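Asker: Below you'll find run_25.cif; it's mmCIF, C-alpha atoms.
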data_target
loop_
_atom_site.label_atom_id
_atom_site.label_comp_id
_atom_site.auth_asym_id
_atom_site.auth_seq_id
_atom_site.Cartn_x
_atom_site.Cartn_y
_atom_site.Cartn_z
CA MET A 1 -5.37 12.11 79.13
CA SER A 2 -7.72 13.29 81.83
CA VAL A 3 -9.46 16.44 83.04
CA ARG A 4 -10.25 16.80 86.75
CA TYR A 5 -12.81 19.48 87.54
CA VAL A 6 -11.75 21.50 90.59
CA GLY A 7 -14.38 24.26 90.39
CA GLY A 8 -15.09 27.44 88.43
CA PRO A 9 -12.47 27.73 85.66
CA THR A 10 -9.99 25.52 87.47
CA SER A 11 -9.14 22.03 86.28
CA VAL A 12 -6.17 19.68 86.24
CA ILE A 13 -5.34 18.36 82.78
CA GLU A 14 -2.98 15.41 82.65
CA THR A 15 -1.59 14.47 79.25
CA GLY A 16 1.69 13.06 78.01
CA GLY A 17 2.86 12.51 81.59
CA LEU A 18 2.51 16.23 82.42
CA ARG A 19 0.13 17.97 84.80
CA LEU A 20 -1.33 21.31 83.70
CA LEU A 21 -3.59 23.59 85.73
CA THR A 22 -6.13 25.97 84.21
CA ASP A 23 -6.95 29.36 85.79
CA PRO A 24 -6.13 28.67 89.47
CA THR A 25 -8.90 29.70 91.89
CA PHE A 26 -8.83 28.29 95.42
CA ASP A 27 -10.26 31.06 97.62
CA ALA A 28 -13.34 30.60 99.79
CA PRO A 29 -16.82 31.84 98.82
CA GLY A 30 -17.45 35.55 99.28
CA GLU A 31 -17.40 38.91 97.53
CA TYR A 32 -14.36 39.80 95.48
CA PRO A 33 -13.89 43.38 94.23
CA VAL A 34 -13.16 44.25 90.63
CA GLY A 35 -12.69 48.00 90.55
CA ALA A 36 -15.87 49.61 91.84
CA ARG A 37 -17.92 46.41 91.56
CA SER A 38 -17.74 42.94 93.08
CA LEU A 39 -18.06 39.38 91.87
CA VAL A 40 -19.71 36.90 94.24
CA LYS A 41 -18.25 33.43 94.65
CA THR A 42 -20.84 30.92 95.82
CA ALA A 43 -18.78 27.76 96.32
CA GLY A 44 -15.18 26.88 97.06
CA PRO A 45 -12.96 24.38 95.22
CA ALA A 46 -13.59 20.65 95.46
CA VAL A 47 -9.84 19.99 95.60
CA ALA A 48 -7.34 21.90 97.74
CA ALA A 49 -4.31 23.49 96.11
CA ASP A 50 -1.93 21.32 98.13
CA ALA A 51 -3.60 18.19 96.75
CA ILE A 52 -2.85 19.31 93.19
CA ARG A 53 0.88 19.95 93.50
CA PRO A 54 3.22 19.37 91.79
CA VAL A 55 2.11 21.19 88.64
CA ASP A 56 4.25 21.30 85.50
CA ALA A 57 2.58 24.37 83.97
CA VAL A 58 -0.33 26.75 84.47
CA LEU A 59 -2.51 27.77 81.54
CA LEU A 60 -3.75 31.20 82.62
CA SER A 61 -6.35 32.71 80.30
CA HIS A 62 -6.01 36.07 82.08
CA ASP A 63 -5.00 37.42 85.46
CA HIS A 64 -7.12 40.51 86.00
CA HIS A 65 -10.42 38.98 87.17
CA PRO A 66 -10.65 37.22 90.57
CA ASP A 67 -12.84 34.45 89.17
CA ASN A 68 -9.90 33.37 86.98
CA LEU A 69 -6.97 34.06 89.29
CA ASP A 70 -7.50 34.68 93.00
CA LYS A 71 -5.17 35.21 95.97
CA ALA A 72 -4.58 31.52 96.60
CA GLY A 73 -4.07 30.98 92.90
CA ARG A 74 -1.45 33.72 92.76
CA ALA A 75 0.39 32.12 95.67
CA LEU A 76 0.44 28.80 93.82
CA LEU A 77 2.04 30.36 90.75
CA ALA A 78 5.30 30.81 92.67
CA ASP A 79 5.65 27.03 92.92
CA VAL A 80 5.06 26.31 89.21
CA PRO A 81 7.99 26.18 86.79
CA LEU A 82 6.02 27.62 83.87
CA VAL A 83 3.02 29.95 83.75
CA LEU A 84 1.72 30.74 80.26
CA SER A 85 -0.58 33.70 79.68
CA THR A 86 -1.00 37.02 77.88
CA ALA A 87 1.47 39.87 77.45
CA ALA A 88 -0.73 41.96 79.76
CA ALA A 89 -0.51 39.29 82.48
CA HIS A 90 3.27 39.26 82.13
CA GLU A 91 3.35 43.03 82.54
CA ARG A 92 1.22 42.89 85.68
CA LEU A 93 2.61 39.75 87.32
CA GLY A 94 6.23 39.95 86.25
CA ALA A 95 8.88 37.48 85.18
CA GLY A 96 7.06 34.53 86.73
CA VAL A 97 4.61 34.63 83.82
CA THR A 98 5.67 33.84 80.26
CA ALA A 99 3.77 35.75 77.58
CA LEU A 100 2.74 33.45 74.74
CA PRO A 101 1.46 35.41 71.72
CA VAL A 102 -1.45 34.02 69.73
CA TRP A 103 -0.44 31.16 67.38
CA GLU A 104 2.99 30.84 68.96
CA HIS A 105 3.88 27.75 70.98
CA VAL A 106 6.23 26.23 73.51
CA GLU A 107 7.39 22.61 73.67
CA LEU A 108 7.31 20.94 77.10
CA PRO A 109 9.53 17.86 77.54
CA ARG A 110 7.54 14.74 78.44
CA PRO A 111 8.87 12.38 81.12
CA GLY A 112 8.86 9.40 78.76
CA GLY A 113 10.38 11.28 75.83
CA GLY A 114 8.91 13.54 73.20
CA THR A 115 7.22 16.87 73.82
CA LEU A 116 3.84 18.40 74.52
CA ARG A 117 3.18 21.45 72.37
CA VAL A 118 1.18 24.29 73.95
CA THR A 119 -0.11 26.80 71.41
CA ALA A 120 -1.79 30.08 72.35
CA VAL A 121 -5.04 30.65 70.44
CA PRO A 122 -7.34 33.68 70.18
CA ALA A 123 -10.11 34.43 72.65
CA LEU A 124 -12.48 37.36 73.14
CA HIS A 125 -13.97 37.92 76.60
CA GLY A 126 -17.18 39.53 75.35
CA PRO A 127 -18.69 40.97 72.17
CA GLU A 128 -16.63 42.41 69.32
CA GLY A 129 -15.10 45.72 70.32
CA SER A 130 -15.19 45.04 74.06
CA GLU A 131 -11.45 44.45 74.44
CA PRO A 132 -10.75 47.87 76.03
CA LEU A 133 -13.29 47.02 78.75
CA VAL A 134 -12.70 43.31 79.30
CA GLY A 135 -8.95 43.15 78.70
CA GLU A 136 -6.69 40.67 76.95
CA VAL A 137 -7.41 36.95 77.24
CA THR A 138 -6.08 33.81 75.59
CA GLY A 139 -6.93 30.19 74.97
CA PHE A 140 -4.66 27.20 74.42
CA VAL A 141 -4.34 24.04 72.32
CA LEU A 142 -2.37 21.05 73.60
CA SER A 143 -0.97 18.61 71.05
CA GLY A 144 1.82 16.13 70.49
CA GLU A 145 2.75 12.92 68.75
CA GLY A 146 0.53 10.11 70.01
CA LEU A 147 -1.51 12.51 72.16
CA PRO A 148 -5.08 13.76 71.80
CA THR A 149 -5.50 17.37 70.74
CA VAL A 150 -7.08 19.42 73.52
CA TYR A 151 -8.58 22.91 73.13
CA VAL A 152 -8.90 25.07 76.27
CA SER A 153 -11.07 28.05 75.38
CA GLY A 154 -10.41 30.34 78.34
CA ASP A 155 -12.97 33.09 78.85
CA ASN A 156 -14.06 33.30 75.22
CA ALA A 157 -17.48 34.41 73.97
CA SER A 158 -16.73 34.43 70.24
CA LEU A 159 -17.60 31.63 67.84
CA ASP A 160 -15.51 33.40 65.21
CA ARG A 161 -12.47 32.81 67.41
CA VAL A 162 -13.48 29.15 67.67
CA ARG A 163 -13.64 28.97 63.87
CA GLU A 164 -10.10 30.34 63.71
CA VAL A 165 -8.94 27.57 66.03
CA ALA A 166 -10.77 24.91 64.03
CA ALA A 167 -9.13 26.13 60.81
CA ARG A 168 -5.68 25.53 62.28
CA PHE A 169 -6.52 22.44 64.34
CA PRO A 170 -9.05 20.42 62.33
CA ALA A 171 -8.88 17.40 64.65
CA VAL A 172 -9.76 18.46 68.20
CA ASP A 173 -10.37 15.45 70.41
CA VAL A 174 -11.34 17.20 73.65
CA ALA A 175 -12.73 20.73 74.00
CA VAL A 176 -12.54 22.26 77.47
CA LEU A 177 -15.06 25.08 77.10
CA PHE A 178 -15.59 27.94 79.53
CA ALA A 179 -19.37 28.44 79.37
CA GLY A 180 -22.04 29.85 81.69
CA ALA A 181 -23.01 32.97 79.67
CA ALA A 182 -21.36 35.27 82.23
CA ARG A 183 -22.92 38.72 82.47
CA THR A 184 -21.86 41.80 84.44
CA PRO A 185 -22.71 45.53 84.35
CA LEU A 186 -19.36 46.08 82.61
CA VAL A 187 -20.92 44.84 79.35
CA PRO A 188 -24.63 44.68 80.17
CA ASP A 189 -25.98 43.70 76.76
CA ALA A 190 -23.89 40.66 75.90
CA PRO A 191 -22.41 37.56 77.57
CA LEU A 192 -18.73 37.51 78.46
CA THR A 193 -18.36 33.75 77.98
CA LEU A 194 -20.03 31.16 75.74
CA THR A 195 -23.74 30.63 76.13
CA SER A 196 -24.88 27.01 76.37
CA ALA A 197 -26.11 27.09 72.76
CA ASP A 198 -22.80 28.58 71.62
CA ALA A 199 -20.88 25.90 73.55
CA ALA A 200 -22.79 23.25 71.60
CA GLU A 201 -22.09 25.11 68.36
CA ALA A 202 -18.41 25.36 69.30
CA ALA A 203 -18.34 21.59 69.73
CA ARG A 204 -19.82 21.22 66.25
CA ILE A 205 -17.38 23.71 64.69
CA LEU A 206 -14.41 21.94 66.28
CA ASP A 207 -15.88 18.50 65.57
CA ALA A 208 -14.76 17.70 69.11
CA GLY A 209 -15.47 14.16 70.18
CA HIS A 210 -15.61 15.15 73.84
CA VAL A 211 -16.56 18.39 75.60
CA VAL A 212 -15.78 19.18 79.23
CA PRO A 213 -17.41 22.45 80.36
CA LEU A 214 -15.79 24.69 82.97
CA HIS A 215 -16.65 28.05 84.51
CA PHE A 216 -20.45 27.75 84.35
CA GLU A 217 -21.14 27.70 88.09
CA HIS A 218 -19.81 28.77 91.51
CA TRP A 219 -20.06 32.51 90.72
CA GLY A 220 -23.11 34.74 90.82
CA HIS A 221 -22.54 36.32 87.41
CA PHE A 222 -23.15 33.11 85.47
CA THR A 223 -26.61 33.01 83.94
CA GLU A 224 -26.70 29.49 82.44
CA ASP A 225 -25.94 26.39 84.49
CA GLY A 226 -25.31 22.70 83.89
CA ALA A 227 -28.96 22.05 83.13
CA ALA A 228 -28.84 24.66 80.36
CA LEU A 229 -25.75 22.99 78.90
CA THR A 230 -27.43 19.58 78.99
CA SER A 231 -30.50 20.99 77.22
CA ALA A 232 -28.47 22.85 74.57
CA PHE A 233 -26.36 19.84 73.68
CA ALA A 234 -29.49 17.68 73.48
CA GLU A 235 -31.16 20.17 71.13
CA ALA A 236 -28.03 20.15 68.96
CA GLY A 237 -27.98 16.35 68.86
CA LEU A 238 -24.61 16.30 70.64
CA SER A 239 -25.52 14.86 74.04
CA GLU A 240 -23.05 12.00 73.69
CA ARG A 241 -20.16 14.47 73.44
CA LEU A 242 -20.94 16.35 76.66
CA HIS A 243 -19.19 15.36 79.89
CA LEU A 244 -20.76 17.47 82.63
CA LEU A 245 -18.59 16.79 85.66
CA LYS A 246 -19.40 17.36 89.29
CA PRO A 247 -16.69 19.19 91.27
CA GLY A 248 -13.90 16.75 92.03
CA GLU A 249 -14.84 14.35 89.24
CA THR A 250 -12.49 13.35 86.42
CA PHE A 251 -13.06 12.80 82.71
CA GLN A 252 -10.76 10.11 81.35
CA LEU A 253 -10.10 9.62 77.66
#
Translate this file's structure into C-alpha coordinates.
Answerer:
Amino acid sequence: MSVRYVGGPTSVIETGGLRLLTDPTFDAPGEYPVGARSLVKTAGPAVAADAIRPVDAVLLSHDHHPDNLDKAGRALLADVPLVLSTAAAHERLGAGVTALPVWEHVELPRPGGGTLRVTAVPALHGPEGSEPLVGEVTGFVLSGEGLPTVYVSGDNASLDRVREVAARFPAVDVAVLFAGAARTPLVPDAPLTLTSADAAEAARILDAGHVVPLHFEHWGHFTEDGAALTSAFAEAGLSERLHLLKPGETFQL
(Lines of atoms letter the chains of each structure in order from A and count residues from 1; the text may use other names and numbers.)
(Lines give C-alpha, C1' and ligand atoms only; values in the text may rest on other atoms or scores of the structure.)
Protein backbone atom coordinates (compact mmCIF):
# COMPACT_ATOMS: atom_id res chain seq x y z
CA MET A 1 0.00 0.00 0.00
CA SER A 2 1.04 3.60 -0.38
CA VAL A 3 0.08 7.08 0.82
CA ARG A 4 0.75 10.06 -1.46
CA TYR A 5 0.65 13.41 0.30
CA VAL A 6 -1.22 15.98 -1.80
CA GLY A 7 -1.43 18.79 0.77
CA GLY A 8 -3.45 19.73 3.85
CA PRO A 9 -5.74 16.79 4.71
CA THR A 10 -5.64 15.41 1.19
CA SER A 11 -3.83 12.20 0.32
CA VAL A 12 -4.17 9.31 -2.11
CA ILE A 13 -4.15 5.92 -0.40
CA GLU A 14 -3.65 2.93 -2.67
CA THR A 15 -4.28 -0.49 -1.17
CA GLY A 16 -5.63 -3.77 -2.47
CA GLY A 17 -5.66 -2.39 -6.02
CA LEU A 18 -8.02 0.45 -5.04
CA ARG A 19 -7.40 4.20 -4.95
CA LEU A 20 -8.93 6.16 -2.07
CA LEU A 21 -8.81 9.92 -1.56
CA THR A 22 -8.96 11.62 1.83
CA ASP A 23 -10.68 15.00 2.36
CA PRO A 24 -10.35 16.53 -1.14
CA THR A 25 -8.94 20.08 -1.14
CA PHE A 26 -7.60 21.49 -4.41
CA ASP A 27 -8.40 25.22 -4.28
CA ALA A 28 -5.72 27.92 -4.50
CA PRO A 29 -4.35 29.79 -1.47
CA GLY A 30 -6.54 32.54 -0.07
CA GLU A 31 -9.19 33.33 2.53
CA TYR A 32 -12.13 30.98 2.84
CA PRO A 33 -15.17 32.01 4.92
CA VAL A 34 -16.68 29.83 7.61
CA GLY A 35 -19.72 31.70 8.86
CA ALA A 36 -18.56 35.07 10.16
CA ARG A 37 -14.89 34.10 10.22
CA SER A 38 -12.34 32.98 7.63
CA LEU A 39 -9.68 30.32 7.36
CA VAL A 40 -6.51 31.25 5.47
CA LYS A 41 -4.96 28.76 3.07
CA THR A 42 -1.25 29.39 2.57
CA ALA A 43 -0.32 26.83 -0.10
CA GLY A 44 -2.07 24.96 -2.89
CA PRO A 45 -1.98 21.22 -3.59
CA ALA A 46 1.17 19.54 -4.88
CA VAL A 47 -0.90 17.34 -7.20
CA ALA A 48 -3.77 18.54 -9.40
CA ALA A 49 -7.15 16.87 -9.14
CA ASP A 50 -7.00 15.69 -12.75
CA ALA A 51 -3.75 13.86 -12.02
CA ILE A 52 -5.45 11.85 -9.27
CA ARG A 53 -8.42 10.51 -11.22
CA PRO A 54 -9.78 7.89 -11.35
CA VAL A 55 -10.67 7.49 -7.67
CA ASP A 56 -12.54 4.46 -6.36
CA ALA A 57 -13.78 6.10 -3.15
CA VAL A 58 -13.46 9.27 -1.10
CA LEU A 59 -13.01 9.10 2.67
CA LEU A 60 -14.53 12.40 3.81
CA SER A 61 -14.08 13.11 7.50
CA HIS A 62 -16.56 16.01 7.26
CA ASP A 63 -17.87 18.43 4.67
CA HIS A 64 -18.59 21.64 6.56
CA HIS A 65 -15.11 23.19 6.80
CA PRO A 66 -13.32 24.46 3.66
CA ASP A 67 -9.97 23.09 4.81
CA ASN A 68 -11.43 19.58 4.53
CA LEU A 69 -13.68 19.95 1.49
CA ASP A 70 -13.38 22.95 -0.82
CA LYS A 71 -15.05 23.97 -4.09
CA ALA A 72 -12.71 21.94 -6.29
CA GLY A 73 -13.07 19.00 -3.95
CA ARG A 74 -16.85 19.16 -4.16
CA ALA A 75 -16.64 19.16 -7.95
CA LEU A 76 -14.47 16.04 -7.84
CA LEU A 77 -17.02 14.16 -5.74
CA ALA A 78 -19.37 13.98 -8.73
CA ASP A 79 -16.85 11.78 -10.56
CA VAL A 80 -16.32 9.31 -7.69
CA PRO A 81 -18.49 6.18 -7.43
CA LEU A 82 -18.48 6.15 -3.62
CA VAL A 83 -18.14 8.96 -1.07
CA LEU A 84 -18.19 7.84 2.57
CA SER A 85 -18.81 10.34 5.34
CA THR A 86 -21.12 11.32 8.21
CA ALA A 87 -24.90 11.43 8.33
CA ALA A 88 -24.67 15.23 8.52
CA ALA A 89 -22.60 15.32 5.32
CA HIS A 90 -25.20 13.14 3.60
CA GLU A 91 -27.94 15.55 4.68
CA ARG A 92 -26.04 18.56 3.36
CA LEU A 93 -24.55 17.09 0.17
CA GLY A 94 -27.29 14.67 -0.82
CA ALA A 95 -27.42 11.21 -2.34
CA GLY A 96 -23.89 11.43 -3.71
CA VAL A 97 -22.60 10.88 -0.16
CA THR A 98 -23.12 7.61 1.69
CA ALA A 99 -23.49 7.97 5.46
CA LEU A 100 -21.42 5.35 7.28
CA PRO A 101 -22.28 5.21 11.00
CA VAL A 102 -19.50 4.61 13.51
CA TRP A 103 -18.38 0.96 13.67
CA GLU A 104 -20.32 0.03 10.55
CA HIS A 105 -18.48 -0.92 7.36
CA VAL A 106 -18.72 -1.37 3.63
CA GLU A 107 -16.88 -3.95 1.51
CA LEU A 108 -15.26 -2.68 -1.70
CA PRO A 109 -14.51 -5.30 -4.37
CA ARG A 110 -10.80 -5.51 -5.21
CA PRO A 111 -9.72 -5.83 -8.85
CA GLY A 112 -7.82 -9.05 -8.19
CA GLY A 113 -10.51 -10.62 -6.03
CA GLY A 114 -11.42 -10.24 -2.39
CA THR A 115 -12.60 -7.07 -0.71
CA LEU A 116 -11.33 -4.02 1.10
CA ARG A 117 -13.31 -3.30 4.26
CA VAL A 118 -13.82 0.36 5.19
CA THR A 119 -15.03 0.85 8.76
CA ALA A 120 -16.15 4.19 10.18
CA VAL A 121 -14.54 4.96 13.54
CA PRO A 122 -15.18 7.70 16.11
CA ALA A 123 -13.57 11.13 15.96
CA LEU A 124 -14.01 14.34 17.95
CA HIS A 125 -13.03 17.63 16.30
CA GLY A 126 -12.13 19.40 19.55
CA PRO A 127 -12.47 18.96 23.31
CA GLU A 128 -15.23 16.93 24.96
CA GLY A 129 -18.56 18.69 24.66
CA SER A 130 -17.61 20.73 21.60
CA GLU A 131 -19.70 18.73 19.13
CA PRO A 132 -22.48 21.36 18.86
CA LEU A 133 -19.85 23.90 17.80
CA VAL A 134 -17.50 21.81 15.64
CA GLY A 135 -20.02 19.42 14.08
CA GLU A 136 -19.96 15.73 13.28
CA VAL A 137 -16.74 14.14 12.01
CA THR A 138 -15.56 10.60 11.37
CA GLY A 139 -12.43 8.55 10.91
CA PHE A 140 -11.89 5.31 8.99
CA VAL A 141 -10.05 2.00 9.21
CA LEU A 142 -9.10 0.09 6.07
CA SER A 143 -8.56 -3.66 6.35
CA GLY A 144 -8.73 -6.87 4.37
CA GLU A 145 -7.23 -10.30 3.97
CA GLY A 146 -3.55 -9.99 3.10
CA LEU A 147 -3.67 -6.19 3.44
CA PRO A 148 -2.16 -3.88 6.06
CA THR A 149 -4.60 -2.26 8.47
CA VAL A 150 -4.70 1.50 7.97
CA TYR A 151 -6.24 4.02 10.38
CA VAL A 152 -7.25 7.43 8.99
CA SER A 153 -8.01 9.70 11.94
CA GLY A 154 -9.81 12.56 10.21
CA ASP A 155 -9.99 15.78 12.22
CA ASN A 156 -9.78 14.13 15.63
CA ALA A 157 -8.37 15.72 18.79
CA SER A 158 -9.30 12.97 21.25
CA LEU A 159 -6.93 10.27 22.46
CA ASP A 160 -9.92 8.54 24.06
CA ARG A 161 -11.34 8.05 20.56
CA VAL A 162 -7.98 6.63 19.50
CA ARG A 163 -8.14 4.18 22.40
CA GLU A 164 -11.57 3.05 21.20
CA VAL A 165 -10.12 2.35 17.76
CA ALA A 166 -7.15 0.48 19.23
CA ALA A 167 -9.49 -1.71 21.29
CA ARG A 168 -11.26 -2.88 18.13
CA PHE A 169 -8.24 -2.91 15.83
CA PRO A 170 -5.26 -4.07 17.90
CA ALA A 171 -2.96 -4.42 14.89
CA VAL A 172 -2.74 -1.09 13.05
CA ASP A 173 0.08 -1.10 10.53
CA VAL A 174 -0.18 2.47 9.24
CA ALA A 175 -1.74 5.44 11.05
CA VAL A 176 -2.61 8.44 8.90
CA LEU A 177 -2.96 11.11 11.57
CA PHE A 178 -4.41 14.59 11.09
CA ALA A 179 -2.20 16.69 13.38
CA GLY A 180 -1.15 20.36 13.55
CA ALA A 181 -2.95 21.35 16.79
CA ALA A 182 -5.47 23.47 14.86
CA ARG A 183 -6.87 26.41 16.81
CA THR A 184 -9.61 28.90 15.93
CA PRO A 185 -11.74 31.43 17.88
CA LEU A 186 -14.61 28.93 17.66
CA VAL A 187 -12.99 26.92 20.49
CA PRO A 188 -10.25 29.24 21.74
CA ASP A 189 -8.98 27.19 24.67
CA ALA A 190 -8.30 23.82 23.06
CA PRO A 191 -6.90 22.35 19.83
CA LEU A 192 -9.29 21.02 17.21
CA THR A 193 -6.88 18.35 15.95
CA LEU A 194 -4.10 16.28 17.53
CA THR A 195 -1.14 18.12 18.98
CA SER A 196 2.28 16.76 18.00
CA ALA A 197 2.68 15.13 21.42
CA ASP A 198 -0.78 13.58 21.13
CA ALA A 199 0.05 12.29 17.63
CA ALA A 200 3.06 10.48 19.10
CA GLU A 201 0.90 9.14 21.92
CA ALA A 202 -1.70 8.00 19.37
CA ALA A 203 1.02 6.06 17.56
CA ARG A 204 1.94 4.38 20.85
CA ILE A 205 -1.69 3.58 21.71
CA LEU A 206 -2.28 2.06 18.28
CA ASP A 207 1.14 0.37 18.27
CA ALA A 208 1.31 1.60 14.68
CA GLY A 209 4.47 0.61 12.87
CA HIS A 210 4.25 3.59 10.54
CA VAL A 211 2.74 7.07 10.94
CA VAL A 212 2.02 9.44 8.06
CA PRO A 213 0.89 12.89 9.31
CA LEU A 214 -1.56 15.01 7.33
CA HIS A 215 -3.24 18.37 7.90
CA PHE A 216 -0.44 20.03 9.88
CA GLU A 217 0.47 22.74 7.37
CA HIS A 218 -0.86 24.87 4.49
CA TRP A 219 -3.47 26.64 6.65
CA GLY A 220 -2.98 29.55 9.03
CA HIS A 221 -4.88 27.99 11.93
CA PHE A 222 -2.35 25.21 12.49
CA THR A 223 -0.07 25.94 15.43
CA GLU A 224 2.38 23.00 15.27
CA ASP A 225 4.32 22.14 12.13
CA GLY A 226 6.48 19.31 10.84
CA ALA A 227 9.37 20.30 13.08
CA ALA A 228 7.10 19.98 16.12
CA LEU A 229 6.05 16.51 14.99
CA THR A 230 9.67 15.46 14.49
CA SER A 231 10.56 16.70 17.98
CA ALA A 232 7.55 15.05 19.65
CA PHE A 233 8.19 11.67 18.08
CA ALA A 234 11.87 11.89 19.04
CA GLU A 235 10.96 12.68 22.65
CA ALA A 236 8.61 9.69 22.66
CA GLY A 237 11.30 7.41 21.26
CA LEU A 238 9.22 6.80 18.12
CA SER A 239 11.24 8.61 15.45
CA GLU A 240 11.58 5.48 13.33
CA ARG A 241 7.80 5.27 12.96
CA LEU A 242 7.32 8.80 11.63
CA HIS A 243 7.18 9.40 7.88
CA LEU A 244 7.01 13.17 7.42
CA LEU A 245 6.34 13.61 3.73
CA LYS A 246 6.86 16.67 1.60
CA PRO A 247 3.90 17.61 -0.63
CA GLY A 248 3.83 15.27 -3.60
CA GLU A 249 5.92 12.57 -1.90
CA THR A 250 4.74 9.00 -1.36
CA PHE A 251 5.13 6.61 1.56
CA GLN A 252 5.36 3.02 0.36
CA LEU A 253 4.87 0.04 2.64
Asker: Evaluate the PyMOL selection byres ((chain A and resi 206-213) around 6) on the structure here and hand back the selected residues as a list in words.
Answerer: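 Selection result, ordered by chain and number: Ala166, Val172, Asp173, Val174, Ala175, Val176, Leu177, Phe178, Ala203, Arg204, Ile205, Leu214, Arg241, Leu242 and His243 of chain A.
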Asker: Neighbouring residues of region 80-82 of chain A were defined as those with any atom within 10 Å, considering all atoms listed in the file; residues of the same chain fewer than 5 positions away were excluded. Please report them as an NGL selection string.
Answerer: :A and (20-21 or 53-59 or 75 or 96-98 or 108)
Asker: Skip Phe216 (chain A) itself and residues of its chain fewer than 6 positions away, then list as a PyMOL selection string all residues within 6 Å of it, counting only C-alpha atoms.
Answerer: chain A and resi 179-180+225
Asker: Looking at A:Arg183, A:His105, A:Arg92, A:Arg163, which one is nearest to Asp63 (chain A), with distances taken over all atoms listed in the file?
Answerer: A:Arg92
Asker: Would you kindly translate the PyMOL selection byres ((chain A and resi 113) around 12) into the concrete residues it picks from this file, as a list of chain:residue names?
Answerer: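 Answer for the PyMOL selection byres ((chain A and resi 113) around 12): A:Gly16, A:Gly17, A:Leu18, A:Glu107, A:Leu108, A:Pro109, A:Arg110, A:Pro111, A:Gly112, A:Gly114, A:Thr115, A:Leu116, A:Gly144, A:Glu145, A:Gly146.
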